[in-house]
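Undergrad: Input structure: run.cif, which contains mmCIF, N, CA and C atoms.
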```cif
data_data
#
loop_
_atom_site.label_atom_id
_atom_site.label_comp_id
_atom_site.auth_asym_id
_atom_site.auth_seq_id
_atom_site.Cartn_x
_atom_site.Cartn_y
_atom_site.Cartn_z
N MET A 8 -27.28 56.22 -217.50
CA MET A 8 -25.85 56.43 -217.50
C MET A 8 -25.43 56.99 -218.85
N ALA A 9 -24.65 58.00 -218.88
CA ALA A 9 -24.22 58.64 -220.13
C ALA A 9 -23.01 57.92 -220.69
N ALA A 10 -22.88 57.95 -222.00
CA ALA A 10 -21.71 57.39 -222.67
C ALA A 10 -20.52 58.29 -222.39
N ALA A 11 -19.33 57.78 -222.65
CA ALA A 11 -18.11 58.56 -222.41
C ALA A 11 -18.21 59.90 -223.11
N GLY A 12 -18.10 60.96 -222.35
CA GLY A 12 -18.10 62.30 -222.92
C GLY A 12 -19.47 62.94 -223.06
N ALA A 13 -20.56 62.24 -222.77
CA ALA A 13 -21.89 62.82 -222.93
C ALA A 13 -22.37 63.41 -221.62
N SER A 14 -23.14 64.46 -221.71
CA SER A 14 -23.71 65.10 -220.54
C SER A 14 -24.99 64.37 -220.14
N GLU A 15 -25.26 64.28 -218.85
CA GLU A 15 -26.49 63.65 -218.37
C GLU A 15 -27.73 64.42 -218.83
N THR A 16 -27.58 65.71 -219.12
CA THR A 16 -28.73 66.52 -219.49
C THR A 16 -28.87 66.65 -221.00
N SER A 17 -28.08 65.93 -221.75
CA SER A 17 -28.16 66.09 -223.20
C SER A 17 -29.02 65.00 -223.81
N GLY A 18 -29.49 65.27 -224.99
CA GLY A 18 -30.30 64.31 -225.72
C GLY A 18 -31.44 65.03 -226.40
N PRO A 19 -32.16 64.34 -227.26
CA PRO A 19 -33.25 64.98 -227.98
C PRO A 19 -34.28 65.57 -227.04
N GLY A 20 -34.57 66.85 -227.20
CA GLY A 20 -35.61 67.52 -226.44
C GLY A 20 -35.25 67.85 -225.00
N LEU A 21 -34.04 67.56 -224.58
CA LEU A 21 -33.63 67.84 -223.22
C LEU A 21 -32.79 69.10 -223.17
N PRO A 22 -32.75 69.75 -222.01
CA PRO A 22 -31.88 70.92 -221.89
C PRO A 22 -30.45 70.55 -222.26
N GLY A 23 -29.79 71.40 -222.97
CA GLY A 23 -28.41 71.13 -223.36
C GLY A 23 -28.28 70.28 -224.60
N ALA A 24 -29.39 69.92 -225.26
CA ALA A 24 -29.32 69.02 -226.41
C ALA A 24 -28.43 69.57 -227.51
N ARG A 25 -28.41 70.88 -227.68
CA ARG A 25 -27.57 71.46 -228.73
C ARG A 25 -26.10 71.33 -228.39
N ASP A 26 -25.79 71.20 -227.10
CA ASP A 26 -24.41 71.09 -226.66
C ASP A 26 -23.95 69.65 -226.53
N ARG A 27 -24.81 68.73 -226.80
CA ARG A 27 -24.48 67.31 -226.63
C ARG A 27 -23.38 66.89 -227.58
N ARG A 28 -22.48 66.08 -227.08
CA ARG A 28 -21.42 65.54 -227.94
C ARG A 28 -22.03 64.54 -228.90
N ARG A 29 -21.49 64.50 -230.09
CA ARG A 29 -21.94 63.51 -231.07
C ARG A 29 -21.56 62.13 -230.58
N LEU A 30 -22.46 61.17 -230.76
CA LEU A 30 -22.28 59.81 -230.28
C LEU A 30 -21.98 58.87 -231.44
N VAL A 31 -20.90 58.12 -231.30
CA VAL A 31 -20.45 57.20 -232.34
C VAL A 31 -20.34 55.80 -231.73
N VAL A 32 -20.82 54.79 -232.47
CA VAL A 32 -20.64 53.40 -232.04
C VAL A 32 -19.54 52.78 -232.90
N LEU A 33 -18.63 52.10 -232.24
CA LEU A 33 -17.61 51.31 -232.94
C LEU A 33 -18.09 49.88 -232.94
N VAL A 34 -18.28 49.31 -234.12
CA VAL A 34 -18.76 47.94 -234.25
C VAL A 34 -17.60 47.07 -234.70
N GLY A 35 -17.20 46.15 -233.85
CA GLY A 35 -16.09 45.27 -234.20
C GLY A 35 -15.59 44.50 -233.00
N GLN A 36 -14.82 43.49 -233.29
CA GLN A 36 -14.28 42.64 -232.23
C GLN A 36 -13.29 43.41 -231.37
N ASP A 37 -13.04 42.85 -230.20
CA ASP A 37 -12.12 43.46 -229.24
C ASP A 37 -10.68 43.22 -229.69
N VAL A 38 -10.21 44.12 -230.55
CA VAL A 38 -8.83 44.07 -231.04
C VAL A 38 -8.19 45.43 -230.71
N PRO A 39 -6.85 45.50 -230.66
CA PRO A 39 -6.20 46.76 -230.28
C PRO A 39 -6.65 47.97 -231.10
N GLU A 40 -6.91 47.80 -232.39
CA GLU A 40 -7.32 48.92 -233.23
C GLU A 40 -8.60 49.57 -232.73
N ARG A 41 -9.52 48.76 -232.18
CA ARG A 41 -10.78 49.31 -231.70
C ARG A 41 -10.54 50.31 -230.58
N GLY A 42 -9.68 49.97 -229.64
CA GLY A 42 -9.35 50.87 -228.55
C GLY A 42 -8.64 52.12 -229.03
N GLU A 43 -7.75 51.96 -230.01
CA GLU A 43 -7.02 53.11 -230.55
C GLU A 43 -7.97 54.08 -231.26
N VAL A 44 -8.91 53.54 -232.03
CA VAL A 44 -9.89 54.39 -232.71
C VAL A 44 -10.78 55.08 -231.68
N ALA A 45 -11.19 54.35 -230.64
CA ALA A 45 -12.03 54.95 -229.59
C ALA A 45 -11.30 56.12 -228.94
N ARG A 46 -10.04 55.95 -228.61
CA ARG A 46 -9.27 57.05 -227.98
C ARG A 46 -9.17 58.25 -228.91
N GLU A 47 -8.96 58.01 -230.20
CA GLU A 47 -8.88 59.11 -231.17
C GLU A 47 -10.19 59.88 -231.23
N LEU A 48 -11.31 59.16 -231.29
CA LEU A 48 -12.61 59.83 -231.39
C LEU A 48 -12.93 60.60 -230.12
N ILE A 49 -12.63 60.02 -228.96
CA ILE A 49 -12.86 60.72 -227.70
C ILE A 49 -11.98 61.97 -227.64
N GLY A 50 -10.74 61.86 -228.12
CA GLY A 50 -9.85 63.01 -228.18
C GLY A 50 -10.36 64.11 -229.09
N ARG A 51 -11.21 63.77 -230.04
CA ARG A 51 -11.82 64.75 -230.94
C ARG A 51 -13.12 65.32 -230.37
N GLY A 52 -13.43 64.94 -229.12
CA GLY A 52 -14.62 65.48 -228.47
C GLY A 52 -15.89 64.70 -228.72
N LEU A 53 -15.77 63.51 -229.27
CA LEU A 53 -16.94 62.68 -229.53
C LEU A 53 -17.16 61.72 -228.37
N ALA A 54 -18.41 61.33 -228.16
CA ALA A 54 -18.74 60.28 -227.19
C ALA A 54 -18.73 58.96 -227.96
N VAL A 55 -18.25 57.91 -227.33
CA VAL A 55 -18.08 56.63 -228.02
C VAL A 55 -18.69 55.50 -227.20
N VAL A 56 -19.44 54.64 -227.88
CA VAL A 56 -19.88 53.36 -227.31
C VAL A 56 -19.32 52.26 -228.19
N ILE A 57 -19.16 51.10 -227.61
CA ILE A 57 -18.55 49.99 -228.35
C ILE A 57 -19.51 48.81 -228.38
N CYS A 58 -19.63 48.21 -229.56
CA CYS A 58 -20.44 47.01 -229.76
C CYS A 58 -19.55 45.95 -230.36
N GLY A 59 -19.60 44.76 -229.80
CA GLY A 59 -18.81 43.65 -230.32
C GLY A 59 -19.27 43.19 -231.69
N GLY A 60 -20.40 43.68 -232.14
CA GLY A 60 -20.89 43.34 -233.47
C GLY A 60 -21.69 42.06 -233.48
N PRO A 61 -22.29 41.80 -234.61
CA PRO A 61 -23.09 40.58 -234.74
C PRO A 61 -22.20 39.35 -234.79
N SER A 62 -22.74 38.25 -234.38
CA SER A 62 -22.02 36.98 -234.51
C SER A 62 -22.90 36.04 -235.31
N SER A 63 -22.47 34.83 -235.48
CA SER A 63 -23.27 33.86 -236.24
C SER A 63 -24.48 33.39 -235.44
N ASP A 64 -24.57 33.78 -234.16
CA ASP A 64 -25.70 33.42 -233.32
C ASP A 64 -26.74 34.53 -233.37
N PRO A 65 -27.86 34.32 -234.06
CA PRO A 65 -28.86 35.37 -234.22
C PRO A 65 -29.41 35.90 -232.90
N GLU A 66 -29.41 35.10 -231.85
CA GLU A 66 -29.95 35.55 -230.57
C GLU A 66 -29.07 36.60 -229.91
N SER A 67 -27.82 36.74 -230.35
CA SER A 67 -26.92 37.69 -229.71
C SER A 67 -27.02 39.10 -230.28
N CYS A 68 -27.78 39.30 -231.34
CA CYS A 68 -27.81 40.59 -232.02
C CYS A 68 -29.23 40.91 -232.46
N ALA A 69 -29.74 42.06 -232.01
CA ALA A 69 -31.10 42.48 -232.39
C ALA A 69 -31.26 42.56 -233.90
N ILE A 70 -30.25 43.07 -234.59
CA ILE A 70 -30.35 43.22 -236.04
C ILE A 70 -30.49 41.86 -236.72
N LEU A 71 -29.76 40.86 -236.23
CA LEU A 71 -29.88 39.52 -236.82
C LEU A 71 -31.22 38.87 -236.48
N ARG A 72 -31.89 39.35 -235.43
CA ARG A 72 -33.23 38.86 -235.10
C ARG A 72 -34.30 39.65 -235.85
N ASP A 73 -33.85 40.50 -236.78
CA ASP A 73 -34.75 41.35 -237.57
C ASP A 73 -35.49 42.36 -236.69
N GLU A 74 -34.77 42.85 -235.67
CA GLU A 74 -35.30 43.86 -234.77
C GLU A 74 -34.47 45.12 -234.88
N SER A 75 -35.00 46.19 -234.38
CA SER A 75 -34.28 47.45 -234.33
C SER A 75 -33.18 47.34 -233.26
N CYS A 76 -32.03 47.94 -233.53
CA CYS A 76 -30.92 47.95 -232.57
C CYS A 76 -30.94 49.29 -231.83
N ALA A 77 -31.12 49.24 -230.52
CA ALA A 77 -31.20 50.47 -229.72
C ALA A 77 -29.91 51.28 -229.81
N ILE A 78 -28.78 50.60 -229.93
CA ILE A 78 -27.51 51.32 -230.02
C ILE A 78 -27.43 52.07 -231.35
N VAL A 79 -27.62 51.36 -232.45
CA VAL A 79 -27.51 51.98 -233.77
C VAL A 79 -28.56 53.07 -233.95
N ASP A 80 -29.74 52.86 -233.39
CA ASP A 80 -30.80 53.86 -233.50
C ASP A 80 -30.48 55.14 -232.72
N SER A 81 -29.59 55.05 -231.73
CA SER A 81 -29.30 56.18 -230.85
C SER A 81 -28.08 57.00 -231.25
N VAL A 82 -27.23 56.46 -232.11
CA VAL A 82 -25.97 57.14 -232.40
C VAL A 82 -26.09 58.05 -233.61
N ASP A 83 -25.13 58.97 -233.69
CA ASP A 83 -25.04 59.85 -234.85
C ASP A 83 -24.33 59.17 -236.01
N ALA A 84 -23.41 58.25 -235.69
CA ALA A 84 -22.67 57.54 -236.73
C ALA A 84 -22.18 56.20 -236.20
N ALA A 85 -22.01 55.27 -237.11
CA ALA A 85 -21.45 53.97 -236.78
C ALA A 85 -20.15 53.79 -237.56
N VAL A 86 -19.16 53.20 -236.91
CA VAL A 86 -17.91 52.84 -237.58
C VAL A 86 -17.84 51.32 -237.60
N ILE A 87 -17.80 50.76 -238.79
CA ILE A 87 -17.71 49.31 -238.94
C ILE A 87 -16.23 48.97 -239.10
N LEU A 88 -15.69 48.26 -238.12
CA LEU A 88 -14.27 47.89 -238.11
C LEU A 88 -14.09 46.49 -238.68
N PRO A 89 -12.88 46.15 -239.12
CA PRO A 89 -12.63 44.80 -239.63
C PRO A 89 -13.04 43.74 -238.61
N TYR A 90 -13.59 42.69 -239.12
CA TYR A 90 -14.11 41.59 -238.31
C TYR A 90 -13.45 40.32 -238.81
N PRO A 91 -12.23 40.02 -238.32
CA PRO A 91 -11.44 38.90 -238.84
C PRO A 91 -12.20 37.58 -238.82
N GLY A 92 -12.17 36.89 -239.94
CA GLY A 92 -12.74 35.56 -240.04
C GLY A 92 -14.23 35.48 -239.79
N HIS A 93 -14.99 36.51 -240.17
CA HIS A 93 -16.41 36.48 -239.85
C HIS A 93 -17.19 35.51 -240.73
N ALA A 94 -18.22 34.96 -240.14
CA ALA A 94 -19.09 34.00 -240.81
C ALA A 94 -20.14 34.74 -241.63
N ARG A 95 -20.89 34.00 -242.42
CA ARG A 95 -21.93 34.59 -243.27
C ARG A 95 -22.93 35.42 -242.46
N GLY A 96 -23.36 34.91 -241.30
CA GLY A 96 -24.31 35.64 -240.46
C GLY A 96 -23.73 36.95 -239.97
N THR A 97 -22.45 36.94 -239.66
CA THR A 97 -21.79 38.16 -239.21
C THR A 97 -21.75 39.18 -240.34
N ALA A 98 -21.39 38.73 -241.54
CA ALA A 98 -21.33 39.64 -242.69
C ALA A 98 -22.70 40.25 -242.95
N ALA A 99 -23.74 39.44 -242.90
CA ALA A 99 -25.10 39.95 -243.12
C ALA A 99 -25.47 40.96 -242.05
N GLY A 100 -25.10 40.67 -240.81
CA GLY A 100 -25.39 41.59 -239.71
C GLY A 100 -24.68 42.92 -239.86
N LEU A 101 -23.42 42.88 -240.34
CA LEU A 101 -22.69 44.13 -240.55
C LEU A 101 -23.34 44.98 -241.63
N VAL A 102 -23.81 44.34 -242.70
CA VAL A 102 -24.51 45.08 -243.77
C VAL A 102 -25.78 45.71 -243.21
N LEU A 103 -26.55 44.95 -242.45
CA LEU A 103 -27.79 45.48 -241.88
C LEU A 103 -27.50 46.60 -240.88
N CYS A 104 -26.45 46.45 -240.09
CA CYS A 104 -26.05 47.49 -239.14
C CYS A 104 -25.70 48.78 -239.90
N ALA A 105 -24.92 48.64 -240.94
CA ALA A 105 -24.51 49.80 -241.74
C ALA A 105 -25.72 50.47 -242.38
N ARG A 106 -26.67 49.68 -242.86
CA ARG A 106 -27.87 50.26 -243.48
C ARG A 106 -28.76 50.97 -242.47
N SER A 107 -28.73 50.49 -241.23
CA SER A 107 -29.60 51.07 -240.19
C SER A 107 -29.06 52.36 -239.61
N ALA A 108 -27.77 52.57 -239.71
CA ALA A 108 -27.13 53.74 -239.10
C ALA A 108 -27.44 55.00 -239.89
N ARG A 109 -27.54 56.11 -239.17
CA ARG A 109 -27.76 57.42 -239.80
C ARG A 109 -26.60 57.76 -240.73
N ALA A 110 -25.39 57.45 -240.28
CA ALA A 110 -24.18 57.67 -241.07
C ALA A 110 -23.22 56.54 -240.73
N VAL A 111 -22.42 56.14 -241.70
CA VAL A 111 -21.53 55.00 -241.45
C VAL A 111 -20.17 55.23 -242.09
N VAL A 112 -19.14 54.82 -241.35
CA VAL A 112 -17.78 54.79 -241.86
C VAL A 112 -17.36 53.33 -241.87
N VAL A 113 -16.89 52.87 -243.01
CA VAL A 113 -16.41 51.50 -243.16
C VAL A 113 -14.89 51.57 -243.17
N ALA A 114 -14.26 50.95 -242.17
CA ALA A 114 -12.82 51.08 -241.99
C ALA A 114 -12.08 49.81 -242.40
N GLY A 115 -10.96 50.00 -243.04
CA GLY A 115 -10.09 48.87 -243.37
C GLY A 115 -10.67 47.99 -244.47
N HIS A 116 -10.41 46.70 -244.32
CA HIS A 116 -10.76 45.75 -245.38
C HIS A 116 -12.15 45.14 -245.22
N VAL A 117 -13.06 45.80 -244.52
CA VAL A 117 -14.42 45.29 -244.34
C VAL A 117 -15.11 45.29 -245.70
N ARG A 118 -15.70 44.16 -246.04
CA ARG A 118 -16.46 44.05 -247.29
C ARG A 118 -17.94 44.02 -246.96
N LEU A 119 -18.63 45.06 -247.36
CA LEU A 119 -20.08 45.11 -247.19
C LEU A 119 -20.70 45.03 -248.57
N ASP A 120 -21.48 44.00 -248.81
CA ASP A 120 -22.06 43.82 -250.12
C ASP A 120 -23.56 43.59 -249.98
N PRO A 121 -24.37 44.57 -250.33
CA PRO A 121 -23.98 45.88 -250.84
C PRO A 121 -23.76 46.86 -249.69
N ALA A 122 -22.87 47.78 -249.91
CA ALA A 122 -22.62 48.85 -248.93
C ALA A 122 -23.65 49.95 -249.14
N PRO A 123 -24.09 50.61 -248.08
CA PRO A 123 -25.01 51.74 -248.25
C PRO A 123 -24.36 52.82 -249.11
N ALA A 124 -25.16 53.45 -249.93
CA ALA A 124 -24.64 54.48 -250.84
C ALA A 124 -24.01 55.64 -250.08
N THR A 125 -24.45 55.87 -248.86
CA THR A 125 -23.93 56.99 -248.09
C THR A 125 -22.70 56.63 -247.25
N ALA A 126 -22.27 55.39 -247.32
CA ALA A 126 -21.12 54.97 -246.51
C ALA A 126 -19.85 55.66 -246.98
N VAL A 127 -19.03 56.04 -246.02
CA VAL A 127 -17.71 56.59 -246.31
C VAL A 127 -16.71 55.49 -245.99
N ARG A 128 -15.84 55.21 -246.91
CA ARG A 128 -14.86 54.14 -246.72
C ARG A 128 -13.48 54.74 -246.51
N THR A 129 -12.76 54.18 -245.55
CA THR A 129 -11.36 54.49 -245.37
C THR A 129 -10.62 53.16 -245.48
N GLU A 130 -9.60 53.11 -246.30
CA GLU A 130 -8.91 51.85 -246.57
C GLU A 130 -8.02 51.39 -245.43
N THR A 131 -8.02 52.12 -244.34
CA THR A 131 -7.16 51.80 -243.22
C THR A 131 -7.94 51.88 -241.92
N THR A 132 -7.38 51.29 -240.88
CA THR A 132 -7.96 51.45 -239.55
C THR A 132 -7.13 52.44 -238.73
N ASP A 133 -6.25 53.18 -239.40
CA ASP A 133 -5.46 54.19 -238.72
C ASP A 133 -6.42 55.12 -237.98
N PRO A 134 -6.22 55.29 -236.68
CA PRO A 134 -7.17 56.10 -235.90
C PRO A 134 -7.39 57.51 -236.45
N TYR A 135 -6.33 58.17 -236.90
CA TYR A 135 -6.48 59.53 -237.44
C TYR A 135 -7.36 59.51 -238.69
N ALA A 136 -7.12 58.57 -239.60
CA ALA A 136 -7.91 58.48 -240.83
C ALA A 136 -9.37 58.18 -240.53
N VAL A 137 -9.62 57.29 -239.59
CA VAL A 137 -11.00 56.98 -239.21
C VAL A 137 -11.65 58.21 -238.57
N GLY A 138 -10.91 58.91 -237.71
CA GLY A 138 -11.44 60.12 -237.09
C GLY A 138 -11.81 61.18 -238.11
N GLU A 139 -10.96 61.35 -239.12
CA GLU A 139 -11.26 62.31 -240.19
C GLU A 139 -12.53 61.90 -240.95
N ALA A 140 -12.68 60.60 -241.22
CA ALA A 140 -13.86 60.11 -241.95
C ALA A 140 -15.12 60.31 -241.11
N VAL A 141 -15.05 60.05 -239.81
CA VAL A 141 -16.20 60.25 -238.94
C VAL A 141 -16.59 61.72 -238.92
N GLU A 142 -15.64 62.61 -238.78
CA GLU A 142 -15.97 64.04 -238.79
C GLU A 142 -16.60 64.45 -240.12
N ARG A 143 -16.14 63.87 -241.22
CA ARG A 143 -16.71 64.17 -242.53
C ARG A 143 -18.18 63.76 -242.60
N VAL A 144 -18.52 62.55 -242.11
CA VAL A 144 -19.92 62.13 -242.19
C VAL A 144 -20.79 62.92 -241.21
N LEU A 145 -20.23 63.31 -240.08
CA LEU A 145 -21.02 64.11 -239.14
C LEU A 145 -21.29 65.51 -239.70
N ARG A 146 -20.31 66.09 -240.39
CA ARG A 146 -20.55 67.39 -241.05
C ARG A 146 -21.63 67.25 -242.12
N GLU A 147 -21.62 66.14 -242.82
CA GLU A 147 -22.64 65.91 -243.86
C GLU A 147 -24.03 65.81 -243.24
N ILE A 148 -24.13 65.16 -242.11
CA ILE A 148 -25.43 65.08 -241.41
C ILE A 148 -25.90 66.48 -241.05
N GLU A 149 -25.02 67.29 -240.49
CA GLU A 149 -25.38 68.66 -240.13
C GLU A 149 -25.80 69.45 -241.36
N ARG A 150 -25.07 69.27 -242.45
CA ARG A 150 -25.38 69.99 -243.69
C ARG A 150 -26.78 69.63 -244.19
N ARG A 151 -27.13 68.36 -244.08
CA ARG A 151 -28.45 67.90 -244.53
C ARG A 151 -29.55 68.25 -243.55
N GLY A 152 -29.14 68.70 -242.33
CA GLY A 152 -30.13 69.09 -241.34
C GLY A 152 -30.85 67.94 -240.70
N ARG A 153 -30.21 66.79 -240.54
CA ARG A 153 -30.85 65.62 -239.93
C ARG A 153 -30.64 65.60 -238.47
#
```
Go ahead and express the file in the form of structure tokens.
TA:
Amino acid sequence: MAAAGASETSGPGLPGARDRRRLVVLVGQDVPERGEVARELIGRGLAVVICGGPSSDPESCAILRDESCAIVDSVDAAVILPYPGHARGTAAGLVLCARSARAVVVAGHVRLDPAPATAVRTETTDPYAVGEAVERVLREIERRGR
């Protein structure tokens, strides 16, 4: 099944791969801002998947189990959204998620310590600002030829 906006024939090595929409994962709790950012990114022609993010229960998140995350490994960029009242395990999981992503946008008041050097930060969760930051990191990926 393809993500919103993706073609069934797109992907690495498949016909149409060059025409495939860029895939972005939104990592964060189910809050109104997450849906607003998703709509903005889809409106910009991006495909979006949503992950509720890590929790304090290591069994619920591959990254917290010290495993590779199939979602993060498959996307072009990850957007880390604010995670109100997160526990220590959640904070650690967000840092590991951000480090594992090819490109990352950190939105709003999320504190990642340490944040990946390549992370782009936007001080707001305003959908337009997040969309601009995502497009900036995707252009950087293209520029680097990754």
Undergrad: For Ala84 of chain A, which residue among A:Arg150, A:Ala126, A:Cys58, A:Val31 is the nearest when counting only C-alpha atoms?
TA: A:Val31
Undergrad: Extract, using only C-alpha atoms, all DNA, RNA and protein residues at most 6 Å from Val44 of chain A, discarding same-chain residues fewer than 3 positions from it, and format them as number ranges by chain.
TA: A: 41, 47, 134
Undergrad: Would you save the residues from that selection as a short mmCIF file (atom, residue, chain, number, x, y, z; two decimals), in the coordinates of the input, using N, CA and C atoms?
TA:
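Okay, this is what ended up in again_39.cif:
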```
data_model
loop_
_atom_site.label_atom_id
_atom_site.label_comp_id
_atom_site.auth_asym_id
_atom_site.auth_seq_id
_atom_site.Cartn_x
_atom_site.Cartn_y
_atom_site.Cartn_z
N ARG A 41 -9.52 48.76 -232.18
CA ARG A 41 -10.78 49.31 -231.70
C ARG A 41 -10.54 50.31 -230.58
N GLU A 47 -8.96 58.01 -230.20
CA GLU A 47 -8.88 59.11 -231.17
C GLU A 47 -10.19 59.88 -231.23
N PRO A 134 -6.22 55.29 -236.68
CA PRO A 134 -7.17 56.10 -235.90
C PRO A 134 -7.39 57.51 -236.45
#
```
Undergrad: Looking at only C-alpha atoms, which of A:Arg106, A:Arg118, A:Val34, A:Arg29 is the one that sits closest to Pro61 of chain A?
TA: A:Val34
Undergrad: Quick one: of A:Tyr135, A:Ser67, A:Leu103, A:Glu142, who's nearest to Pro123 of chain A, counting only C-alpha atoms?
TA: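 Ranking A:Tyr135, A:Ser67, A:Leu103, A:Glu142 by distance to Pro123 of chain A, first place goes to A:Leu103.
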Undergrad: In Å, rounded to a single decimal, give me how far atom C of Arg72 of chain A is from atom CA of Val144 of chain A.
TA: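 Going from atom CA of Val144 of chain A over to atom C of Arg72 of chain A covers 27.4 Å.
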Undergrad: Taking 5 positions as the minimum chain separation for residues in the same chain, which residues sit within 6.5 Å of Arg109 of chain A when counting only N, CA and C atoms? Answer as a VMD selection string.
TA: chain A and resid 79 82 to 85
Undergrad: What does the distance from atom CA of Ile49 of chain A to atom CA of Val137 of chain A come to in Å, to one decimal?
TA: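 Value for the atom CA of Ile49 of chain A-atom CA of Val137 of chain A distance: 12.2 Å.
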Undergrad: Using only C-alpha atoms, find the one residue out of A:Ser81, A:Ser75, A:Thr131, A:Thr125 that sits nearest to Val55 of chain A.
TA: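 With only C-alpha atoms as the atom set, the closest residue is A:Ser81.
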Undergrad: If I take atom CA of Leu53 of chain A and atom CA of Leu33 of chain A, how far is one from the other in Å, to one decimal?
TA: 11.9 Å
Undergrad: DSSP on the backbone, then: every residue of segment 51-139 of chain A marked strand (DSSP E), written as a PyMOL selection string.
TA: chain A and resi 54-58+84-87+111-114+127-129
Undergrad: Mind telling me what the PyMOL selection byres (((chain A and resi 77 and name CA) around 12) and name CA) catches here, as a list in words?
TA: Val32, Val56, Cys58, Cys68, Ala69, Ile70, Glu74, Ser75, Cys76, Ile78, Val79, Asp80, Ser81, Val82, Cys104, Ser107 and Ala108 of chain A
Undergrad: Please evaluate the PyMOL selection byres ((chain A and resi 116) around 8) against the structure above and give the resulting residues as a PyMOL selection string.
TA: chain A and resi 88-90+113-115+117-119+129-132
Undergrad: Select, from A:Ala99, A:Ile87, A:Arg27, A:Glu66, the residue with the minimum atom-to-atom distance to Gly52 of chain A, counting only N, CA and C atoms.
TA: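 Comparing A:Ala99, A:Ile87, A:Arg27, A:Glu66 against Gly52 of chain A, the winner is A:Arg27.
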Undergrad: As lines of an AutoDock Vina configuration file, please: the centre and edge lengths in Å, to one decimal, of an axis-aligned box enclosing every listed atom of segment 38-54 of chain A with 8 Å added on each side.
TA:
```
center_x = -12.5
center_y = 54.8
center_z = -230.2
size_x = 28.5
size_y = 37.4
size_z = 22.0
```
